[in-house]
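*Asks:* Below is the file input-v6.txt, with compact mmCIF, C-alpha atoms.
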# COMPACT_ATOMS: atom_id res chain seq x y z
CA MET A 1 -9.37 53.27 16.39
CA ILE A 2 -6.43 52.09 18.52
CA GLU A 3 -7.96 48.59 18.76
CA GLN A 4 -8.34 48.38 14.97
CA THR A 5 -4.70 49.42 14.55
CA LYS A 6 -3.61 46.65 16.96
CA ASN A 7 -5.68 44.04 15.13
CA LYS A 8 -4.24 45.15 11.80
CA GLY A 9 -0.70 44.93 13.21
CA PHE A 10 -1.38 41.43 14.55
CA LYS A 11 -2.74 40.30 11.16
CA ASN A 12 0.34 41.66 9.43
CA ILE A 13 2.60 39.71 11.80
CA VAL A 14 0.59 36.53 11.15
CA GLU A 15 0.77 37.11 7.39
CA LYS A 16 4.53 37.48 7.57
CA MET A 17 5.06 34.49 9.88
CA MET A 18 2.81 31.96 8.13
CA PRO A 19 4.96 31.52 4.97
CA LYS A 20 8.01 30.91 7.18
CA LEU A 21 6.11 28.46 9.36
CA LEU A 22 4.75 26.57 6.34
CA PHE A 23 8.22 26.47 4.79
CA LEU A 24 9.63 25.07 8.04
CA THR A 25 7.06 22.27 8.17
CA ALA A 26 7.68 21.40 4.52
CA PHE A 27 11.46 21.46 5.08
CA ILE A 28 11.15 19.16 8.11
CA SER A 29 9.07 16.70 6.09
CA VAL A 30 11.67 16.63 3.30
CA LEU A 31 14.49 16.35 5.84
CA VAL A 32 12.87 13.37 7.57
CA THR A 33 12.32 11.64 4.22
CA VAL A 34 15.93 12.21 3.18
CA GLY A 35 17.12 10.95 6.56
CA ILE A 36 15.12 7.74 6.21
CA VAL A 37 16.43 7.11 2.69
CA PHE A 38 20.06 7.74 3.66
CA THR A 39 19.71 5.47 6.71
CA LEU A 40 18.42 2.69 4.48
CA ILE A 41 21.21 3.22 1.96
CA PHE A 42 24.08 3.30 4.50
CA GLU A 43 22.90 0.26 6.45
CA THR A 44 22.18 -1.65 3.23
CA PHE A 45 25.73 -0.99 2.03
CA GLU A 46 27.00 -2.48 5.28
CA PHE A 47 24.91 -5.59 4.59
CA PHE A 48 26.34 -5.94 1.08
CA ARG A 49 29.86 -5.73 2.50
CA ARG A 50 29.07 -9.06 4.15
CA VAL A 51 26.73 -10.70 1.63
CA PRO A 52 27.40 -10.67 -2.15
CA PHE A 53 24.90 -8.52 -4.03
CA PHE A 54 24.02 -11.12 -6.67
CA ASP A 55 23.57 -13.84 -4.03
CA TYR A 56 21.00 -11.58 -2.39
CA ILE A 57 19.16 -10.57 -5.56
CA PHE A 58 19.07 -13.96 -7.32
CA GLY A 59 19.24 -16.34 -4.38
CA THR A 60 16.29 -18.72 -3.93
CA GLU A 61 16.91 -19.61 -0.28
CA TRP A 62 16.34 -17.29 2.67
CA LEU A 63 17.77 -18.98 5.78
CA PRO A 64 19.39 -16.21 7.86
CA PHE A 65 19.06 -18.12 11.13
CA SER A 66 20.91 -21.19 9.90
CA GLY A 67 23.88 -21.31 12.24
CA SER A 68 26.26 -23.29 10.01
CA SER A 69 25.67 -21.71 6.61
CA PRO A 70 23.11 -18.85 6.52
CA THR A 71 21.78 -17.84 3.10
CA TYR A 72 20.32 -14.49 2.11
CA GLY A 73 18.50 -14.95 -1.19
CA VAL A 74 15.61 -12.47 -1.12
CA LEU A 75 13.49 -14.06 -3.87
CA PRO A 76 11.41 -16.21 -1.45
CA LEU A 77 10.42 -13.07 0.49
CA ILE A 78 9.55 -11.25 -2.74
CA ILE A 79 7.47 -14.20 -3.95
CA GLY A 80 5.61 -14.32 -0.63
CA THR A 81 4.89 -10.59 -0.84
CA LEU A 82 3.65 -10.89 -4.42
CA LYS A 83 1.37 -13.82 -3.52
CA VAL A 84 -0.42 -11.83 -0.82
CA THR A 85 -0.54 -8.68 -2.93
CA GLY A 86 -1.91 -10.54 -5.96
CA ILE A 87 -4.69 -12.20 -3.97
CA ALA A 88 -5.51 -8.89 -2.28
CA MET A 89 -5.86 -7.09 -5.60
CA ILE A 90 -8.06 -9.90 -7.01
CA VAL A 91 -10.40 -9.24 -4.07
CA ALA A 92 -10.13 -5.45 -3.78
CA VAL A 93 -10.13 -4.18 -7.38
CA PRO A 94 -13.40 -5.76 -8.66
CA LEU A 95 -15.29 -5.14 -5.41
CA GLY A 96 -13.86 -1.63 -5.03
CA LEU A 97 -14.70 -0.61 -8.58
CA ALA A 98 -18.18 -2.15 -8.31
CA ALA A 99 -18.80 -0.17 -5.11
CA ALA A 100 -17.46 3.00 -6.74
CA ILE A 101 -19.69 2.58 -9.81
CA TYR A 102 -22.74 2.03 -7.61
CA LEU A 103 -22.03 5.03 -5.39
CA SER A 104 -21.23 7.30 -8.33
CA GLU A 105 -23.86 6.28 -10.89
CA TYR A 106 -26.72 4.48 -9.15
CA ALA A 107 -26.98 5.47 -5.48
CA SER A 108 -29.12 8.41 -4.42
CA GLU A 109 -27.52 11.26 -2.50
CA ARG A 110 -29.02 9.99 0.76
CA VAL A 111 -27.76 6.44 0.20
CA ARG A 112 -24.32 7.71 -0.83
CA LYS A 113 -23.99 9.79 2.34
CA THR A 114 -24.88 6.71 4.39
CA ILE A 115 -22.89 3.96 2.66
CA LYS A 116 -19.65 5.81 1.91
CA PRO A 117 -18.82 6.73 5.53
CA VAL A 118 -19.67 3.18 6.63
CA LEU A 119 -17.38 1.78 3.93
CA GLU A 120 -14.58 4.11 4.94
CA VAL A 121 -14.82 2.91 8.56
CA LEU A 122 -13.06 -0.26 7.37
CA ALA A 123 -9.98 1.84 6.63
CA GLY A 124 -9.81 2.88 10.28
CA VAL A 125 -9.79 -0.64 11.75
CA PRO A 126 -6.35 -1.45 13.27
CA THR A 127 -4.44 -3.91 11.12
CA ILE A 128 -3.72 -6.18 14.08
CA VAL A 129 -7.49 -6.70 14.39
CA TYR A 130 -7.57 -7.67 10.72
CA GLY A 131 -4.70 -10.08 11.41
CA PHE A 132 -6.52 -11.90 14.19
CA PHE A 133 -9.69 -11.87 12.07
CA ALA A 134 -7.76 -13.61 9.28
CA LEU A 135 -6.21 -16.15 11.65
CA THR A 136 -9.23 -17.02 13.81
CA PHE A 137 -12.14 -16.61 11.38
CA VAL A 138 -11.13 -16.55 7.72
CA THR A 139 -8.57 -19.37 7.86
CA PRO A 140 -10.89 -21.89 9.66
CA LEU A 141 -13.64 -20.97 7.20
CA LEU A 142 -11.35 -21.56 4.22
CA GLN A 143 -10.16 -24.86 5.71
CA GLU A 144 -13.75 -26.11 5.43
CA ILE A 145 -13.69 -25.27 1.72
CA ILE A 146 -10.08 -26.00 0.68
CA PRO A 147 -8.77 -29.42 1.80
CA GLY A 148 -5.18 -29.39 3.00
CA LEU A 149 -5.05 -25.67 3.70
CA LYS A 150 -2.50 -24.97 6.43
CA ILE A 151 -3.25 -22.77 9.42
CA PHE A 152 -0.68 -20.31 8.02
CA ASN A 153 -1.10 -19.65 4.30
CA ALA A 154 -1.18 -16.94 1.64
CA ILE A 155 -4.90 -17.04 0.82
CA SER A 156 -6.30 -15.90 4.16
CA PRO A 157 -4.05 -12.84 4.64
CA GLY A 158 -4.43 -12.02 0.94
CA ILE A 159 -8.22 -11.91 1.23
CA VAL A 160 -8.15 -9.85 4.43
CA VAL A 161 -5.57 -7.40 3.03
CA GLY A 162 -7.92 -7.03 0.05
CA ILE A 163 -10.77 -6.20 2.43
CA MET A 164 -8.53 -3.69 4.19
CA ILE A 165 -7.60 -1.78 1.01
CA LEU A 166 -11.08 -2.03 -0.53
CA PRO A 167 -12.30 1.27 1.03
CA THR A 168 -9.25 3.09 -0.36
CA ILE A 169 -9.90 1.92 -3.92
CA ALA A 170 -13.67 2.41 -3.67
CA SER A 171 -13.51 5.90 -2.15
CA LEU A 172 -10.83 7.33 -4.45
CA SER A 173 -12.39 5.74 -7.54
CA GLU A 174 -15.79 7.14 -6.60
CA ASP A 175 -14.27 10.60 -6.20
CA ALA A 176 -12.68 10.31 -9.66
CA MET A 177 -15.96 9.17 -11.23
CA SER A 178 -17.98 11.88 -9.51
CA SER A 179 -15.65 14.52 -10.97
CA VAL A 180 -16.58 13.48 -14.54
CA PRO A 181 -18.84 16.24 -16.00
CA ASN A 182 -22.53 15.37 -16.14
CA SER A 183 -22.64 16.65 -19.73
CA MET A 184 -20.75 13.51 -20.80
CA ARG A 185 -23.34 11.29 -19.13
CA GLU A 186 -26.24 13.26 -20.59
CA GLY A 187 -24.74 13.14 -24.07
CA ALA A 188 -24.31 9.37 -23.91
CA LEU A 189 -27.85 8.89 -22.58
CA ALA A 190 -29.21 11.13 -25.36
CA LEU A 191 -27.56 8.85 -27.91
CA GLY A 192 -29.47 5.86 -26.51
CA SER A 193 -26.93 4.36 -24.12
CA THR A 194 -28.12 2.54 -21.03
CA LYS A 195 -27.00 3.60 -17.57
CA LEU A 196 -24.62 0.64 -17.36
CA GLU A 197 -23.11 1.48 -20.75
CA VAL A 198 -22.62 5.08 -19.63
CA ALA A 199 -20.87 3.91 -16.46
CA LEU A 200 -18.59 1.39 -18.18
CA LYS A 201 -17.92 3.06 -21.54
CA VAL A 202 -18.02 6.78 -20.69
CA VAL A 203 -17.47 7.47 -16.99
CA LEU A 204 -14.95 4.69 -16.31
CA PRO A 205 -12.56 5.64 -19.15
CA ALA A 206 -12.87 9.35 -18.32
CA ALA A 207 -11.93 8.70 -14.69
CA LEU A 208 -9.25 6.13 -15.52
CA SER A 209 -6.29 8.19 -14.29
CA GLY A 210 -7.88 8.61 -10.85
CA ILE A 211 -8.88 4.94 -10.75
CA LEU A 212 -5.33 3.86 -11.59
CA ALA A 213 -4.04 6.10 -8.83
CA SER A 214 -6.38 4.44 -6.33
CA VAL A 215 -5.33 0.96 -7.47
CA VAL A 216 -1.64 1.86 -7.17
CA LEU A 217 -2.22 3.25 -3.68
CA GLY A 218 -3.99 0.01 -2.80
CA ILE A 219 -1.07 -2.05 -4.15
CA SER A 220 1.37 0.05 -2.14
CA ARG A 221 -0.63 -0.56 1.03
CA ALA A 222 -0.85 -4.27 0.28
CA ILE A 223 2.90 -4.58 -0.29
CA GLY A 224 3.69 -2.65 2.88
CA GLU A 225 1.14 -4.39 5.11
CA THR A 226 2.78 -5.89 8.19
CA MET A 227 0.53 -7.18 10.97
CA ILE A 228 -1.94 -9.20 8.88
CA VAL A 229 0.76 -11.17 7.06
CA SER A 230 2.80 -11.58 10.24
CA LEU A 231 -0.10 -13.13 12.14
CA ALA A 232 -1.82 -15.14 9.40
CA GLY A 233 0.86 -15.76 6.76
CA GLY A 234 3.51 -17.56 8.76
CA ALA A 235 7.28 -17.33 8.80
CA THR A 236 8.39 -19.82 6.15
CA PRO A 237 9.94 -18.14 3.10
CA LYS A 238 9.52 -20.41 0.08
CA PHE A 239 10.43 -19.97 -3.56
CA ASP A 240 7.39 -21.67 -5.10
CA GLY A 241 3.88 -20.97 -6.33
CA GLN A 242 1.98 -22.59 -3.46
CA ILE A 243 -0.61 -20.39 -1.77
CA THR A 244 -1.98 -22.99 0.66
CA ASP A 245 1.25 -23.33 2.67
CA SER A 246 3.01 -21.04 5.11
CA ILE A 247 4.84 -18.08 3.56
CA GLN A 248 6.81 -15.06 4.69
CA THR A 249 6.70 -11.57 3.23
CA MET A 250 9.34 -8.87 3.35
CA THR A 251 7.48 -6.91 6.04
CA ALA A 252 6.85 -10.05 8.12
CA TYR A 253 10.58 -10.81 8.13
CA ILE A 254 11.37 -7.27 9.30
CA VAL A 255 8.90 -7.74 12.17
CA GLN A 256 10.44 -11.11 13.07
CA VAL A 257 13.97 -9.70 13.34
CA SER A 258 12.90 -6.43 14.96
CA THR A 259 11.32 -8.26 17.91
CA GLY A 260 14.76 -9.27 19.15
CA ASP A 261 15.81 -12.36 17.20
CA ALA A 262 19.11 -10.74 16.15
CA GLY A 263 21.70 -8.68 17.95
CA TYR A 264 22.80 -5.22 16.91
CA GLY A 265 25.59 -5.19 14.33
CA THR A 266 25.07 -8.75 13.12
CA THR A 267 24.47 -9.68 9.50
CA ILE A 268 20.88 -10.59 10.33
CA TYR A 269 20.39 -7.14 11.87
CA TYR A 270 21.64 -5.42 8.70
CA SER A 271 19.50 -7.72 6.57
CA ILE A 272 16.32 -5.92 7.70
CA TYR A 273 17.67 -2.73 6.13
CA ALA A 274 18.44 -4.56 2.89
CA VAL A 275 14.92 -5.98 2.81
CA GLY A 276 13.48 -2.57 3.71
CA PHE A 277 15.46 -0.94 0.91
CA THR A 278 14.21 -3.61 -1.51
CA LEU A 279 10.66 -2.78 -0.43
CA PHE A 280 11.38 0.92 -0.93
CA VAL A 281 12.71 0.33 -4.46
CA PHE A 282 9.65 -1.78 -5.33
CA THR A 283 7.28 0.96 -4.16
CA LEU A 284 9.27 3.72 -5.87
CA ILE A 285 9.36 1.96 -9.24
CA MET A 286 5.66 1.14 -9.01
CA ASN A 287 4.71 4.73 -8.18
CA LEU A 288 6.84 6.11 -11.02
CA LEU A 289 5.22 3.65 -13.43
CA ALA A 290 1.76 4.54 -12.14
CA GLY A 291 2.47 8.23 -12.57
CA PHE A 292 3.54 7.63 -16.16
CA ILE A 293 0.44 5.53 -16.92
CA SER A 294 -1.90 8.03 -15.25
CA LYS A 295 -0.35 10.91 -17.18
CA LYS A 296 -0.69 9.01 -20.46
CA PHE A 297 -4.36 8.21 -19.92
CA ARG A 298 -5.07 11.74 -18.71
CA GLU A 299 -3.68 13.06 -22.01
CA GLU A 300 -5.79 10.60 -24.02
CA TYR A 301 -9.03 11.33 -22.21
How does this structure look as structure tokens?

*Replies:*
Amino acid sequence: MIEQTKNKGFKNIVEKMMPKLLFLTAFISVLVTVGIVFTLIFETFEFFRRVPFFDYIFGTEWLPFSGSSPTYGVLPLIIGTLKVTGIAMIVAVPLGLAAAIYLSEYASERVRKTIKPVLEVLAGVPTIVYGFFALTFVTPLLQEIIPGLKIFNAISPGIVVGIMILPTIASLSEDAMSSVPNSMREGALALGSTKLEVALKVVLPAALSGILASVVLGISRAIGETMIVSLAGGATPKFDGQITDSIQTMTAYIVQVSTGDAGYGTTIYYSIYAVGFTLFVFTLIMNLLAGFISKKFREEY
């Protein structure tokens, strides 16, 4: 009887402490996020005290290490980032959706339990390994196919970033498709639809909000990828449409400066915060837009 009373008292203490503990962890998470954002904002303001805002936003030359007349036009870095992200999505979205459709609509339970974990292993490979894979395997292979392709280019890291985010798109899209009620599939099959028609015209639209969320998450990872583009993309920011030459992305520039190329308190040092804040704004706008689109399609379907 005494032991039961002690156990009950211990459970009551745990029940009272857990909400406070969970609140503390949530508060710390919010506090860290706010701290990061404010750090970006304050350091970015210091950068814009030295570099005109419009020169940064609309400038087409990024030459911070030019001793005589450094220029800080961020458009070349944005273009480089968009090149890699665009190529990555061309690779990842079709292959990811195809894998998701197969796993959700065609694969048996045994095959699904085998293939899906193997596919998700790709998400656990360190990105630096992907970077060396792009530089030492994919680029030489592409040079045999594309004449004039430089050792550093946008195609190779774009393809490998697409391979890296493919498991994310495939896994989340498959989860969204699997959550579609079987009654919708059975109804379409009863009306004479083929299995492919059911997958493309019934299941895919019904799971569209989840699929869009997976694609947006993949885009966010592609934009924020660092090691692959640093190793295989190069360090030459260019404001053009070439994908066979050396480029530089926003994250690759941050890596370049963070390794010790600039002293603390210099304009180049503060430029990494400006570029980081630009990256943050890009991701924030994209996520807000994705949330709006997902909500709209969820209401329609």

*Asks:* Pick out the residues sitting within 8 Å of range 154-167 of chain A, and hand them over as a PDB file with C-alpha atoms, in the coordinates of the input; count all atoms listed in the file, and ignore anything fewer than 5 positions along from it in its own chain.

*Replies:*
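selection.pdb written:
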ATOM      1  CA  GLY A  80       5.610 -14.320  -0.630  1.00  0.00           C
ATOM      2  CA  LYS A  83       1.370 -13.820  -3.520  1.00  0.00           C
ATOM      3  CA  VAL A  84      -0.420 -11.830  -0.820  1.00  0.00           C
ATOM      4  CA  THR A  85      -0.540  -8.680  -2.930  1.00  0.00           C
ATOM      5  CA  GLY A  86      -1.910 -10.540  -5.960  1.00  0.00           C
ATOM      6  CA  ILE A  87      -4.690 -12.200  -3.970  1.00  0.00           C
ATOM      7  CA  ALA A  88      -5.510  -8.890  -2.280  1.00  0.00           C
ATOM      8  CA  MET A  89      -5.860  -7.090  -5.600  1.00  0.00           C
ATOM      9  CA  ILE A  90      -8.060  -9.900  -7.010  1.00  0.00           C
ATOM     10  CA  VAL A  91     -10.400  -9.240  -4.070  1.00  0.00           C
ATOM     11  CA  ALA A  92     -10.130  -5.450  -3.780  1.00  0.00           C
ATOM     12  CA  VAL A  93     -10.130  -4.180  -7.380  1.00  0.00           C
ATOM     13  CA  LEU A  95     -15.290  -5.140  -5.410  1.00  0.00           C
ATOM     14  CA  GLY A  96     -13.860  -1.630  -5.030  1.00  0.00           C
ATOM     15  CA  LEU A 119     -17.380   1.780   3.930  1.00  0.00           C
ATOM     16  CA  GLU A 120     -14.580   4.110   4.940  1.00  0.00           C
ATOM     17  CA  LEU A 122     -13.060  -0.260   7.370  1.00  0.00           C
ATOM     18  CA  ALA A 123      -9.980   1.840   6.630  1.00  0.00           C
ATOM     19  CA  TYR A 130      -7.570  -7.670  10.720  1.00  0.00           C
ATOM     20  CA  GLY A 131      -4.700 -10.080  11.410  1.00  0.00           C
ATOM     21  CA  ALA A 134      -7.760 -13.610   9.280  1.00  0.00           C
ATOM     22  CA  LEU A 135      -6.210 -16.150  11.650  1.00  0.00           C
ATOM     23  CA  VAL A 138     -11.130 -16.550   7.720  1.00  0.00           C
ATOM     24  CA  THR A 139      -8.570 -19.370   7.860  1.00  0.00           C
ATOM     25  CA  LEU A 142     -11.350 -21.560   4.220  1.00  0.00           C
ATOM     26  CA  GLY A 218      -3.990   0.010  -2.800  1.00  0.00           C
ATOM     27  CA  ARG A 221      -0.630  -0.560   1.030  1.00  0.00           C
ATOM     28  CA  ALA A 222      -0.850  -4.270   0.280  1.00  0.00           C
ATOM     29  CA  GLU A 225       1.140  -4.390   5.110  1.00  0.00           C
ATOM     30  CA  ILE A 228      -1.940  -9.200   8.880  1.00  0.00           C
ATOM     31  CA  VAL A 229       0.760 -11.170   7.060  1.00  0.00           C
ATOM     32  CA  ALA A 232      -1.820 -15.140   9.400  1.00  0.00           C
ATOM     33  CA  GLY A 233       0.860 -15.760   6.760  1.00  0.00           C
ATOM     34  CA  ILE A 243      -0.610 -20.390  -1.770  1.00  0.00           C
ATOM     35  CA  THR A 244      -1.980 -22.990   0.660  1.00  0.00           C
ATOM     36  CA  ASP A 245       1.250 -23.330   2.670  1.00  0.00           C
ATOM     37  CA  SER A 246       3.010 -21.040   5.110  1.00  0.00           C
ATOM     38  CA  ILE A 247       4.840 -18.080   3.560  1.00  0.00           C
TER      39      ILE A 247
END

*Asks:* Do you know which residues lie at most 12 Å from (11.0, -3.1, 1.1), with coordinates as in the file and all atoms listed in the file counted, and could you write them as number ranges by chain?

*Replies:* A: 37, 40, 44, 74, 77-78, 81, 220-226, 249-254, 271-285

*Asks:* Please identify all polymer residues within 6 Å of Gly73 in chain A, counting only C-alpha atoms, omitting same-chain residues fewer than 5 positions from it, and present them as a ChimeraX atom specification.

*Replies:* /A:55-56,59-62

*Asks:* Output C-alpha atoms for every residue in that selection, as a tab-separated table (two decimals), keeping the file's coordinate frame.

*Replies:*
chain	number	residue	atom	x	y	z
A	55	ASP	CA	23.57	-13.84	-4.03
A	56	TYR	CA	21.00	-11.58	-2.39
A	59	GLY	CA	19.24	-16.34	-4.38
A	60	THR	CA	16.29	-18.72	-3.93
A	61	GLU	CA	16.91	-19.61	-0.28
A	62	TRP	CA	16.34	-17.29	2.67

*Asks:* Between A:Gln143, A:Ser173, A:Thr25, A:Thr114, which residue has the minimum interatomic distance to Ile211 in chain A, considering all atoms listed in the file?

*Replies:* A:Ser173

*Asks:* Within 6 Å of Ser104 in chain A, counting only C-alpha atoms, which residues show up once you throw out same-chain ones fewer than 4 positions away? Write them as a PDB file with C-alpha atoms, in the coordinates of the input, please.

*Replies:*
ATOM      1  CA  ALA A 100     -17.460   3.000  -6.740  1.00  0.00           C
ATOM      2  CA  GLU A 174     -15.790   7.140  -6.600  1.00  0.00           C
ATOM      3  CA  SER A 178     -17.980  11.880  -9.510  1.00  0.00           C
TER       4      SER A 178
END

*Asks:* Please indicate the distance in Å from CA of Ser209 in chain A to CA of Leu97 in chain A, rounded to one decimal place.

*Replies:*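 Between these atoms lies a distance of 13.4 Å.
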
*Asks:* Work out how far CA of Pro237 in chain A is from CA of Leu75 in chain A, in Å to one decimal.

*Replies:*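 Interatomic distance here is 8.8 Å.
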
*Asks:* Env of range 188-193 of chain A: 9 Å cut, atoms = all atoms listed in the file, seq-sep filter 5 positions within chain, self excluded. Answer as number ranges by chain.

*Replies:* A: 183, 198, 202

*Asks:* Figure out the distance between CA of Leu103 in chain A and CA of Thr168 in chain A, please, to one decimal in Å.

*Replies:* 13.9 Å

*Asks:* Restricting the calculation to only C-alpha atoms, which member of A:Ala99, A:Leu22, A:Met227, A:Glu105 is positioned closest to Thr194 in chain A?

*Replies:*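 Going through A:Ala99, A:Leu22, A:Met227, A:Glu105 one by one, the smallest distance to Thr194 in chain A is for A:Glu105.
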
*Asks:* Between A:Lys113, A:Pro64, A:Ala26, A:Ser214, single out the one closest to Gln256 in chain A, counting only C-alpha atoms.

*Replies:*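 Checking each candidate against Gln256 in chain A, we get A:Pro64 as the closest.
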